[in-house]
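Q: One file is attached below, run_37.pdb, containing PDB, C-alpha atoms.
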ATOM      1  CA  MET A   1      31.778  73.323  83.434
ATOM      2  CA  ALA A   2      32.853  70.482  85.710
ATOM      3  CA  LEU A   3      29.998  68.275  84.530
ATOM      4  CA  GLN A   4      30.806  68.914  80.899
ATOM      5  CA  ASP A   5      34.304  67.625  81.664
ATOM      6  CA  LYS A   6      32.960  64.555  83.446
ATOM      7  CA  TYR A   7      30.656  63.719  80.545
ATOM      8  CA  LYS A   8      32.993  64.926  77.787
ATOM      9  CA  GLU A   9      33.143  61.500  76.161
ATOM     10  CA  LEU A  10      29.346  61.371  76.073
ATOM     11  CA  ILE A  11      28.985  64.885  74.656
ATOM     12  CA  ASP A  12      31.628  64.133  72.011
ATOM     13  CA  ALA A  13      29.873  60.885  71.072
ATOM     14  CA  ALA A  14      26.500  62.643  70.834
ATOM     15  CA  THR A  15      28.009  65.353  68.650
ATOM     16  CA  ALA A  16      29.645  62.782  66.370
ATOM     17  CA  ALA A  17      26.710  60.310  66.267
ATOM     18  CA  PRO A  18      24.971  62.571  65.211
ATOM     19  CA  VAL A  19      22.211  63.516  67.575
ATOM     20  CA  VAL A  20      19.777  65.883  65.888
ATOM     21  CA  ASN A  21      18.871  69.124  67.704
ATOM     22  CA  LEU A  22      21.447  68.354  70.381
ATOM     23  CA  LYS A  23      21.254  70.765  73.293
ATOM     24  CA  VAL A  24      23.720  70.632  76.177
ATOM     25  CA  ARG A  25      23.046  72.867  79.161
ATOM     26  CA  GLU A  26      24.251  72.955  82.738
ATOM     27  CA  GLU A  27      21.914  74.260  85.428
ATOM     28  CA  GLU A  28      21.993  73.897  89.224
ATOM     29  CA  ASP A  29      24.571  71.104  89.168
ATOM     30  CA  VAL A  30      22.675  69.066  86.602
ATOM     31  CA  LEU A  31      23.781  68.609  83.012
ATOM     32  CA  TYR A  32      20.901  68.446  80.564
ATOM     33  CA  MET A  33      21.376  66.781  77.194
ATOM     34  CA  ASP A  34      18.439  66.758  74.826
ATOM     35  CA  GLY A  35      18.187  65.560  71.270
ATOM     36  CA  GLU A  36      16.859  63.048  68.807
ATOM     37  CA  SER A  37      18.609  59.980  67.443
ATOM     38  CA  SER A  38      18.087  56.410  66.301
ATOM     39  CA  GLY A  39      17.517  53.709  68.880
ATOM     40  CA  ALA A  40      21.017  52.341  68.281
ATOM     41  CA  VAL A  41      22.662  55.698  68.968
ATOM     42  CA  LYS A  42      20.559  56.137  72.099
ATOM     43  CA  GLN A  43      21.731  52.733  73.329
ATOM     44  CA  GLN A  44      25.364  53.639  72.599
ATOM     45  CA  LEU A  45      25.039  56.915  74.511
ATOM     46  CA  TRP A  46      23.423  55.217  77.479
ATOM     47  CA  ASP A  47      26.239  52.674  77.603
ATOM     48  CA  ILE A  48      28.770  55.526  77.722
ATOM     49  CA  TYR A  49      26.695  57.245  80.430
ATOM     50  CA  GLY A  50      26.722  54.006  82.469
ATOM     51  CA  LYS A  51      30.491  53.794  82.116
ATOM     52  CA  LEU A  52      31.132  57.409  83.194
ATOM     53  CA  ASP A  53      28.615  57.286  86.042
ATOM     54  CA  PRO A  54      28.235  53.688  87.261
ATOM     55  CA  ASP A  55      24.590  52.803  88.049
ATOM     56  CA  TYR A  56      23.563  56.331  86.949
ATOM     57  CA  SER A  57      23.565  57.181  90.623
ATOM     58  CA  SER A  58      25.089  60.687  90.766
ATOM     59  CA  GLY A  59      21.888  62.460  89.746
ATOM     60  CA  ASP A  60      23.880  65.025  87.778
ATOM     61  CA  LEU A  61      22.759  64.221  84.234
ATOM     62  CA  MET A  62      19.407  64.109  82.475
ATOM     63  CA  LEU A  63      20.000  62.329  79.184
ATOM     64  CA  ASN A  64      16.815  62.975  77.263
ATOM     65  CA  ILE A  65      17.424  61.346  73.901
ATOM     66  CA  ASN A  66      14.252  60.848  71.918
ATOM     67  CA  SER A  67      14.697  57.874  69.608
ATOM     68  CA  VAL A  68      11.074  57.898  68.538
ATOM     69  CA  ALA A  69      10.740  61.424  67.101
ATOM     70  CA  GLY A  70      11.558  60.343  63.557
ATOM     71  CA  ILE A  71       9.122  57.416  63.474
ATOM     72  CA  SER A  72       6.106  58.085  61.301
ATOM     73  CA  GLU A  73       2.590  56.687  61.271
ATOM     74  CA  GLY A  74       2.295  53.283  59.663
ATOM     75  CA  ALA A  75       5.767  52.258  60.839
ATOM     76  CA  LYS A  76       6.284  48.690  62.008
ATOM     77  CA  LEU A  77       7.297  48.290  65.641
ATOM     78  CA  LYS A  78       8.663  45.312  67.474
ATOM     79  CA  VAL A  79       7.520  44.594  71.009
ATOM     80  CA  THR A  80      10.679  44.706  73.133
ATOM     81  CA  THR A  81       9.478  43.931  76.614
ATOM     82  CA  ASN A  82      11.871  42.149  78.958
ATOM     83  CA  LYS A  83       9.830  38.961  79.354
ATOM     84  CA  THR A  84       6.138  39.704  79.456
ATOM     85  CA  ASN A  85       3.489  40.577  76.916
ATOM     86  CA  LEU A  86       2.874  44.218  76.107
ATOM     87  CA  ASN A  87      -0.374  45.664  77.405
ATOM     88  CA  ILE A  88      -2.638  47.485  74.984
ATOM     89  CA  ARG A  89      -4.844  49.947  76.821
ATOM     90  CA  SER A  90      -7.998  51.941  76.209
ATOM     91  CA  GLY A  91      -6.268  55.226  77.043
ATOM     92  CA  PRO A  92      -2.760  56.705  77.349
ATOM     93  CA  SER A  93      -2.005  55.799  80.974
ATOM     94  CA  THR A  94      -1.610  52.723  83.143
ATOM     95  CA  ASN A  95      -4.889  53.738  84.808
ATOM     96  CA  ASP A  96      -6.737  52.837  81.635
ATOM     97  CA  ASP A  97      -8.111  49.371  81.071
ATOM     98  CA  ILE A  98      -6.133  46.683  79.302
ATOM     99  CA  VAL A  99      -7.975  45.935  76.072
ATOM    100  CA  GLY A 100      -5.436  43.600  74.482
ATOM    101  CA  LYS A 101      -1.947  42.196  74.577
ATOM    102  CA  ALA A 102       0.916  41.914  72.132
ATOM    103  CA  ALA A 103       3.426  39.098  72.555
ATOM    104  CA  ARG A 104       7.114  39.765  73.103
ATOM    105  CA  HIS A 105       8.853  40.262  69.728
ATOM    106  CA  GLU A 106       5.517  40.546  67.918
ATOM    107  CA  VAL A 107       5.493  43.221  65.223
ATOM    108  CA  VAL A 108       2.755  45.840  65.452
ATOM    109  CA  THR A 109       1.864  48.955  63.478
ATOM    110  CA  LEU A 110       2.010  52.554  64.688
ATOM    111  CA  VAL A 111      -1.338  54.231  64.053
ATOM    112  CA  ARG A 112      -0.594  57.568  65.712
ATOM    113  CA  LYS A 113       1.447  59.109  68.489
ATOM    114  CA  GLU A 114      -0.419  60.360  71.545
ATOM    115  CA  ASN A 115       2.804  61.664  73.118
ATOM    116  CA  ASP A 116       6.395  60.498  73.580
ATOM    117  CA  GLN A 117       5.291  57.965  76.190
ATOM    118  CA  TRP A 118       2.146  56.516  74.608
ATOM    119  CA  TRP A 119       1.398  55.436  71.053
ATOM    120  CA  PHE A 120      -1.785  54.119  69.526
ATOM    121  CA  ILE A 121      -0.901  50.821  67.882
ATOM    122  CA  LYS A 122      -2.629  48.043  65.986
ATOM    123  CA  THR A 123      -1.693  44.373  65.948
ATOM    124  CA  ASP A 124      -1.979  42.104  62.914
ATOM    125  CA  ASP A 125      -4.951  40.480  64.670
ATOM    126  CA  GLY A 126      -6.742  43.816  64.639
ATOM    127  CA  GLU A 127      -6.354  44.596  68.341
ATOM    128  CA  GLU A 128      -5.736  48.283  68.879
ATOM    129  CA  GLY A 129      -5.117  50.736  71.676
ATOM    130  CA  TYR A 130      -2.402  52.607  73.558
ATOM    131  CA  SER A 131       0.958  51.108  74.460
ATOM    132  CA  PHE A 132       3.996  52.422  76.283
ATOM    133  CA  THR A 133       6.677  53.492  73.784
ATOM    134  CA  GLN A 134       9.478  52.294  76.019
ATOM    135  CA  TYR A 135       8.676  48.735  74.929
ATOM    136  CA  LEU A 136       8.319  49.453  71.230
ATOM    137  CA  THR A 137      11.350  49.440  68.965
ATOM    138  CA  PRO A 138      11.065  50.462  65.320
ATOM    139  CA  VAL A 139      11.861  47.671  62.889
ATOM    140  CA  GLU A 140      14.868  48.989  60.987
ATOM    141  CA  GLY A 141      14.712  49.152  57.200
TER     142      GLY A 141
ATOM    143  CA  MET B   1     -30.400 150.189  69.794
ATOM    144  CA  LYS B   2     -33.431 148.005  70.342
ATOM    145  CA  LYS B   3     -32.512 146.070  67.256
ATOM    146  CA  MET B   4     -28.951 145.613  68.501
ATOM    147  CA  LEU B   5     -30.223 144.370  71.847
ATOM    148  CA  LYS B   6     -32.537 141.919  70.130
ATOM    149  CA  LEU B   7     -29.654 140.609  68.033
ATOM    150  CA  GLY B   8     -27.532 140.301  71.127
ATOM    151  CA  PHE B   9     -30.224 138.289  72.875
ATOM    152  CA  ALA B  10     -30.544 136.080  69.853
ATOM    153  CA  ALA B  11     -26.789 135.523  69.791
ATOM    154  CA  VAL B  12     -26.735 134.694  73.485
ATOM    155  CA  ALA B  13     -29.710 132.407  73.074
ATOM    156  CA  LEU B  14     -28.014 130.689  70.131
ATOM    157  CA  LEU B  15     -24.804 130.306  72.085
ATOM    158  CA  LEU B  16     -26.681 128.896  75.022
ATOM    159  CA  MET B  17     -28.524 126.478  72.805
ATOM    160  CA  LEU B  18     -25.342 125.320  71.106
ATOM    161  CA  GLY B  19     -23.640 125.046  74.426
ATOM    162  CA  THR B  20     -26.366 122.987  76.025
ATOM    163  CA  THR B  21     -26.846 120.685  73.059
ATOM    164  CA  SER B  22     -23.160 119.831  72.815
ATOM    165  CA  CYS B  23     -22.989 119.368  76.553
ATOM    166  CA  LYS B  24     -26.117 117.263  76.543
ATOM    167  CA  LYS B  25     -24.715 115.085  73.746
ATOM    168  CA  LYS B  26     -21.470 114.426  75.605
ATOM    169  CA  LEU B  27     -23.301 113.522  78.763
ATOM    170  CA  LYS B  28     -25.543 111.276  76.838
ATOM    171  CA  ASP B  29     -22.668 109.158  75.473
ATOM    172  CA  ALA B  30     -21.286 108.845  78.979
ATOM    173  CA  ASP B  31     -24.733 107.976  80.305
ATOM    174  CA  ILE B  32     -25.271 105.334  77.655
ATOM    175  CA  GLN B  33     -21.845 103.888  78.410
ATOM    176  CA  ALA B  34     -22.602 103.813  82.129
ATOM    177  CA  ALA B  35     -25.939 102.107  81.489
ATOM    178  CA  ILE B  36     -24.277  99.431  79.340
ATOM    179  CA  GLU B  37     -21.504  98.907  81.861
ATOM    180  CA  THR B  38     -24.101  98.356  84.567
ATOM    181  CA  VAL B  39     -25.759  95.685  82.439
ATOM    182  CA  PHE B  40     -22.400  94.041  81.660
ATOM    183  CA  LYS B  41     -21.325  93.987  85.282
ATOM    184  CA  ALA B  42     -24.550  92.385  86.406
ATOM    185  CA  ASP B  43     -24.103  89.351  84.154
ATOM    186  CA  ALA B  44     -21.251  86.881  84.654
ATOM    187  CA  ASP B  45     -21.219  86.094  80.921
ATOM    188  CA  MET B  46     -20.625  89.709  80.013
ATOM    189  CA  SER B  47     -18.487  90.881  82.915
ATOM    190  CA  ASN B  48     -15.296  90.701  80.836
ATOM    191  CA  SER B  49     -16.732  92.903  78.105
ATOM    192  CA  MET B  50     -16.058  96.608  77.858
ATOM    193  CA  VAL B  51     -17.811  99.332  75.936
ATOM    194  CA  SER B  52     -17.143 102.816  74.677
ATOM    195  CA  VAL B  53     -19.829 105.071  73.253
ATOM    196  CA  LYS B  54     -19.259 107.906  70.817
ATOM    197  CA  ASP B  55     -22.088 109.771  69.139
ATOM    198  CA  GLY B  56     -24.436 106.957  70.084
ATOM    199  CA  VAL B  57     -22.276 104.273  68.476
ATOM    200  CA  ALA B  58     -21.379 101.644  71.048
ATOM    201  CA  THR B  59     -18.176  99.708  70.487
ATOM    202  CA  ILE B  60     -17.853  96.494  72.496
ATOM    203  CA  THR B  61     -14.418  95.111  73.263
ATOM    204  CA  GLY B  62     -13.004  92.583  75.671
ATOM    205  CA  GLU B  63     -13.282  88.821  75.754
ATOM    206  CA  CYS B  64     -16.271  86.517  75.554
ATOM    207  CA  LYS B  65     -16.231  82.838  76.392
ATOM    208  CA  ASP B  66     -18.047  81.861  73.184
ATOM    209  CA  GLU B  67     -20.001  83.150  70.183
ATOM    210  CA  ALA B  68     -23.321  82.977  72.060
ATOM    211  CA  CYS B  69     -21.907  85.266  74.721
ATOM    212  CA  LYS B  70     -20.705  87.677  72.042
ATOM    213  CA  THR B  71     -24.213  87.820  70.545
ATOM    214  CA  LYS B  72     -25.704  88.237  73.993
ATOM    215  CA  CYS B  73     -23.499  91.294  74.607
ATOM    216  CA  GLU B  74     -24.534  92.829  71.322
ATOM    217  CA  ASP B  75     -28.241  92.224  71.949
ATOM    218  CA  ALA B  76     -27.973  93.676  75.426
ATOM    219  CA  VAL B  77     -26.298  96.820  74.105
ATOM    220  CA  LYS B  78     -28.898  97.284  71.336
ATOM    221  CA  LYS B  79     -31.643  97.417  73.969
ATOM    222  CA  ILE B  80     -30.048 100.348  75.799
ATOM    223  CA  GLU B  81     -31.786 103.625  75.074
ATOM    224  CA  GLY B  82     -29.784 106.023  72.983
ATOM    225  CA  VAL B  83     -27.653 103.402  71.225
ATOM    226  CA  LYS B  84     -27.804 104.062  67.510
ATOM    227  CA  SER B  85     -25.628 101.218  66.382
ATOM    228  CA  VAL B  86     -23.264  98.603  67.765
ATOM    229  CA  VAL B  87     -19.762  97.658  66.708
ATOM    230  CA  ASN B  88     -19.002  94.280  68.199
ATOM    231  CA  ASN B  89     -15.243  93.840  68.519
ATOM    232  CA  CYS B  90     -15.458  91.217  71.249
ATOM    233  CA  THR B  91     -12.937  88.431  70.944
ATOM    234  CA  VAL B  92     -13.981  84.903  71.638
ATOM    235  CA  ALA B  93     -11.673  83.006  73.984
ATOM    236  CA  PRO B  94      -9.993  80.031  72.304
ATOM    237  CA  VAL B  95     -11.366  76.679  73.364
ATOM    238  CA  VAL B  96      -9.008  75.305  75.968
ATOM    239  CA  ALA B  97      -9.110  71.608  76.668
ATOM    240  CA  ILE B  98      -9.210  70.872  80.353
ATOM    241  CA  VAL B  99      -5.875  69.267  81.121
ATOM    242  CA  PRO B 100      -4.747  68.133  84.526
ATOM    243  CA  PRO B 101      -1.963  70.201  86.109
ATOM    244  CA  VAL B 102       1.539  69.407  84.889
ATOM    245  CA  THR B 103       2.599  67.791  88.164
ATOM    246  CA  ASP B 104      -0.283  65.315  87.935
ATOM    247  CA  GLN B 105       0.723  64.467  84.390
ATOM    248  CA  LEU B 106       4.329  64.023  85.449
ATOM    249  CA  GLN B 107       3.325  61.984  88.480
ATOM    250  CA  GLN B 108       1.251  59.694  86.260
ATOM    251  CA  ALA B 109       4.057  59.406  83.703
ATOM    252  CA  ILE B 110       6.482  58.427  86.477
ATOM    253  CA  ALA B 111       4.036  55.792  87.719
ATOM    254  CA  ASP B 112       3.750  54.477  84.154
ATOM    255  CA  ALA B 113       7.521  54.363  83.682
ATOM    256  CA  LEU B 114       8.017  52.555  87.000
ATOM    257  CA  LYS B 115       5.114  50.156  86.627
ATOM    258  CA  ASP B 116       7.397  47.256  85.684
ATOM    259  CA  PHE B 117       9.786  47.968  88.547
ATOM    260  CA  PRO B 118       7.522  47.355  91.544
ATOM    261  CA  THR B 119      10.399  47.166  94.035
ATOM    262  CA  VAL B 120      11.374  50.757  93.265
ATOM    263  CA  LYS B 121       9.770  53.472  95.359
ATOM    264  CA  SER B 122       9.638  57.034  94.157
ATOM    265  CA  GLU B 123       8.924  60.450  95.532
ATOM    266  CA  LEU B 124       8.519  63.589  93.462
ATOM    267  CA  LYS B 125       9.154  66.986  94.994
ATOM    268  CA  ASP B 126       9.724  70.269  93.154
ATOM    269  CA  GLY B 127      10.608  68.415  89.968
ATOM    270  CA  VAL B 128      13.190  66.217  91.716
ATOM    271  CA  LEU B 129      12.484  62.497  91.718
ATOM    272  CA  THR B 130      14.027  60.474  94.537
ATOM    273  CA  LEU B 131      14.252  56.741  94.002
ATOM    274  CA  THR B 132      14.615  54.247  96.833
ATOM    275  CA  GLY B 133      14.008  50.533  97.217
ATOM    276  CA  GLU B 134      15.843  48.161  94.917
ATOM    277  CA  VAL B 135      16.219  47.287  91.271
ATOM    278  CA  ALA B 136      18.021  44.592  89.314
ATOM    279  CA  LYS B 137      21.185  45.932  87.686
ATOM    280  CA  THR B 138      20.014  44.477  84.367
ATOM    281  CA  SER B 139      16.805  46.539  84.484
ATOM    282  CA  LEU B 140      18.442  49.729  85.661
ATOM    283  CA  GLN B 141      19.324  51.131  82.243
ATOM    284  CA  LYS B 142      15.871  50.547  80.794
ATOM    285  CA  MET B 143      14.245  52.151  83.813
ATOM    286  CA  MET B 144      16.542  55.186  83.741
ATOM    287  CA  MET B 145      16.038  55.613  79.982
ATOM    288  CA  GLY B 146      12.297  55.795  80.540
ATOM    289  CA  LEU B 147      12.561  58.255  83.407
ATOM    290  CA  ASN B 148      15.041  60.529  81.628
ATOM    291  CA  THR B 149      12.613  61.172  78.767
ATOM    292  CA  LEU B 150      10.233  62.687  81.343
ATOM    293  CA  LYS B 151      12.466  65.733  81.375
ATOM    294  CA  ALA B 152      10.205  66.853  78.542
ATOM    295  CA  MET B 153       7.331  66.815  81.061
ATOM    296  CA  GLY B 154       9.152  68.887  83.655
ATOM    297  CA  LEU B 155      11.306  66.384  85.533
ATOM    298  CA  LYS B 156      14.484  68.198  86.607
ATOM    299  CA  LYS B 157      16.598  65.669  88.420
ATOM    300  CA  ILE B 158      16.701  62.021  89.460
ATOM    301  CA  GLU B 159      18.280  61.151  92.805
ATOM    302  CA  SER B 160      19.017  57.435  92.870
ATOM    303  CA  ALA B 161      22.030  57.228  95.199
ATOM    304  CA  SER B 162      19.964  55.395  97.840
ATOM    305  CA  LEU B 163      18.511  52.956  95.338
ATOM    306  CA  VAL B 164      19.944  49.473  95.861
ATOM    307  CA  LYS B 165      21.180  47.916  92.623
ATOM    308  CA  LYS B 166      21.348  44.144  92.847
TER     309      LYS B 166
END
What does this structure look like when you write it as structure tokens?
A:
Amino acid sequence: MALQDKYKELIDAATAAPVVNLKVREEEDVLYMDGESSGAVKQQLWDIYGKLDPDYSSGDLMLNINSVAGISEGAKLKVTTNKTNLNIRSGPSTNDDIVGKAARHEVVTLVRKENDQWWFIKTDDGEEGYSFTQYLTPVEG
Amino acid sequence: MKKMLKLGFAAVALLLMLGTTSCKKKLKDADIQAAIETVFKADADMSNSMVSVKDGVATITGECKDEACKTKCEDAVKKIEGVKSVVNNCTVAPVVAIVPPVTDQLQQAIADALKDFPTVKSELKDGVLTLTGEVAKTSLQKMMMGLNTLKAMGLKKIESASLVKK
């Protein structure tokens, strides 16, 4: 229960947000929080997490918030890399060849989801392949 | 008296006949079953199939790897002497895609998530990921967000106390 006290603010925020299918479970000194939310809610929760556990260094929480579960095929996605272009690959892993690139802040289209980490996307120029979901943010509205 | 004796003999003979035929029939089913089992055991394709024989009707059960194997079992049973008909209740194993073990998948997913953080070193053991090396404070959240979603792939814990945040 100690961890649920430590992360009470986070759990309360997730409950209020709301996070869909929220599951909170404590096991072997790790608190597990799973659920689905929008990208904005995920960001808000991660900011609270960073405040309660500076640098996320305690290793006592796994905050598994899926902000991409509700995105459907055909959705427009913005490339949100830090600086670089986004690689488009021939298969769903970094071992697969780079077959194209999408510029930072370019908007691409979701063709289908391979898994939560890799999506098959298509650019307006017709380039297509797998990209890492971490760098794709749904265009709201 | 002679007549009685004759009748008695006939009755005994009849009993004997009945007795032997029913015995013979039972043995026969068991023999057929044994013969089929021998054939099944000898072939890797059919070694997971089982059979039971009753009144010459052979019922095949168990699991086959595909439809061809199921047909092969049936054909093999039909060839066995004494089999009158075959009921083929073999199930065909569902087609399972060959997927790499979960740890390999997780290991690859971790490598993918850390690809843009080359100064971070990682070690995965029993579902616990230990991070060392260094990372820019501004990149930390993005990196941790990516790693935390791997819980869905079996990641249990992330130890990053020794990771230097600059």
Q: Within 9 Å of Gly91 of chain A, counting only C-alpha atoms, which residues qualify if same-chain residues fewer than 2 places away don't, as a ChimeraX atom specification?
A: /A:88-89,93-98,118,120,129-131
Q: Name the residues that the PyMOL selection byres ((chain B and resi 43-47) around 12) pulls out of this structure, and write them as a CSV table (one decimal) with C-alpha atoms, keeping the file's coordinate frame.
A:
chain,number,residue,atom,x,y,z
B,36,ILE,CA,-24.3,99.4,79.3
B,37,GLU,CA,-21.5,98.9,81.9
B,38,THR,CA,-24.1,98.4,84.6
B,39,VAL,CA,-25.8,95.7,82.4
B,40,PHE,CA,-22.4,94.0,81.7
B,41,LYS,CA,-21.3,94.0,85.3
B,42,ALA,CA,-24.6,92.4,86.4
B,48,ASN,CA,-15.3,90.7,80.8
B,49,SER,CA,-16.7,92.9,78.1
B,50,MET,CA,-16.1,96.6,77.9
B,51,VAL,CA,-17.8,99.3,75.9
B,60,ILE,CA,-17.9,96.5,72.5
B,61,THR,CA,-14.4,95.1,73.3
B,62,GLY,CA,-13.0,92.6,75.7
B,63,GLU,CA,-13.3,88.8,75.8
B,64,CYS,CA,-16.3,86.5,75.6
B,65,LYS,CA,-16.2,82.8,76.4
B,66,ASP,CA,-18.0,81.9,73.2
B,67,GLU,CA,-20.0,83.2,70.2
B,68,ALA,CA,-23.3,83.0,72.1
B,69,CYS,CA,-21.9,85.3,74.7
B,70,LYS,CA,-20.7,87.7,72.0
B,71,THR,CA,-24.2,87.8,70.5
B,72,LYS,CA,-25.7,88.2,74.0
B,73,CYS,CA,-23.5,91.3,74.6
B,74,GLU,CA,-24.5,92.8,71.3
B,75,ASP,CA,-28.2,92.2,71.9
B,76,ALA,CA,-28.0,93.7,75.4
B,77,VAL,CA,-26.3,96.8,74.1
B,90,CYS,CA,-15.5,91.2,71.2
B,91,THR,CA,-12.9,88.4,70.9
B,92,VAL,CA,-14.0,84.9,71.6
Q: Residues of chain A within 8 Å of chain B, counting all atoms listed in the file - could you list those as a ChimeraX atom specification?
A: /A:30,46,50,55-66,93-94,117,134
Q: Between atom CA of Asp47 of chain A and atom CA of Met33 of chain A, what is the distance, to one decimal in Å?
A: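 The value is 14.9 Å.
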Q: Skipping near chain neighbours, those fewer than 5 positions away, what residues fall within 10 Å of Glu81 of chain B using all atoms listed in the file, listed as number ranges by chain?
A: B: 31-32, 35-36, 56
Q: Tell me which residues the PyMOL selection byres ((chain A and resi 77-79) around 7) grabs here, as an MDAnalysis selection string.
A: chainID A and resid 75:76 80:81 86 104:110 135:139
Q: Atom CA of Asp53 of chain A and atom CA of Tyr7 of chain A are how many Å apart?
A: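 Value for the atom CA of Asp53 of chain A-atom CA of Tyr7 of chain A distance: 8.7 Å.
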Q: For a test of reading the model, state the distance in Å between atom CA of Thr59 of chain B and atom CA of Ile80 of chain B, rounded to one decimal.
A: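 It comes out at 13.0 Å.
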Q: Name the residues in contact with Asn21 of chain A at a cut-off of 8 Å, using only C-alpha atoms, excluding same-chain residues fewer than 2 positions from it; report them as a ChimeraX atom specification.
A: /A:19,23,34-36
Q: Would you compute the box with edges along x, y and z of the file around segment 117-122 of chain B, including every atom the file lists for it and 3 Å extra on each side, and give its centre and edge lengths in Å to one decimal, as AutoDock Vina command-line options?
A:
--center_x 9.4 --center_y 52.1 --center_z 92.0 --size_x 9.9 --size_y 15.9 --size_z 12.8
Q: Would you mind listing what lies within 8 Å of Arg112 of chain A as a PDB file with C-alpha atoms, keeping the file's coordinate frame, with all atoms listed in the file counted and same-chain residues fewer than 3 positions away left out?
A:
ATOM      1  CA  GLU A  73       2.590  56.687  61.271  1.00  0.00           C
ATOM      2  CA  GLY A  74       2.295  53.283  59.663  1.00  0.00           C
ATOM      3  CA  TRP A 119       1.398  55.436  71.053  1.00  0.00           C
ATOM      4  CA  PHE A 120      -1.785  54.119  69.526  1.00  0.00           C
ATOM      5  CA  ILE A 121      -0.901  50.821  67.882  1.00  0.00           C
TER       6      ILE A 121
END
Q: Name the closest residue to Asn88 of chain B among the candidates B:Val120, B:Val135, B:Val53, B:Ala58; distances are taken between atoms, counting all atoms listed in the file.
A: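 Smallest distance to Asn88 of chain B is found for B:Ala58.
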Q: So what does the PyMOL selection byres ((chain B and resi 84) around 7) actually pick up in this one, as an MDAnalysis selection string?
A: chainID B and resid 56:57 82:83 85
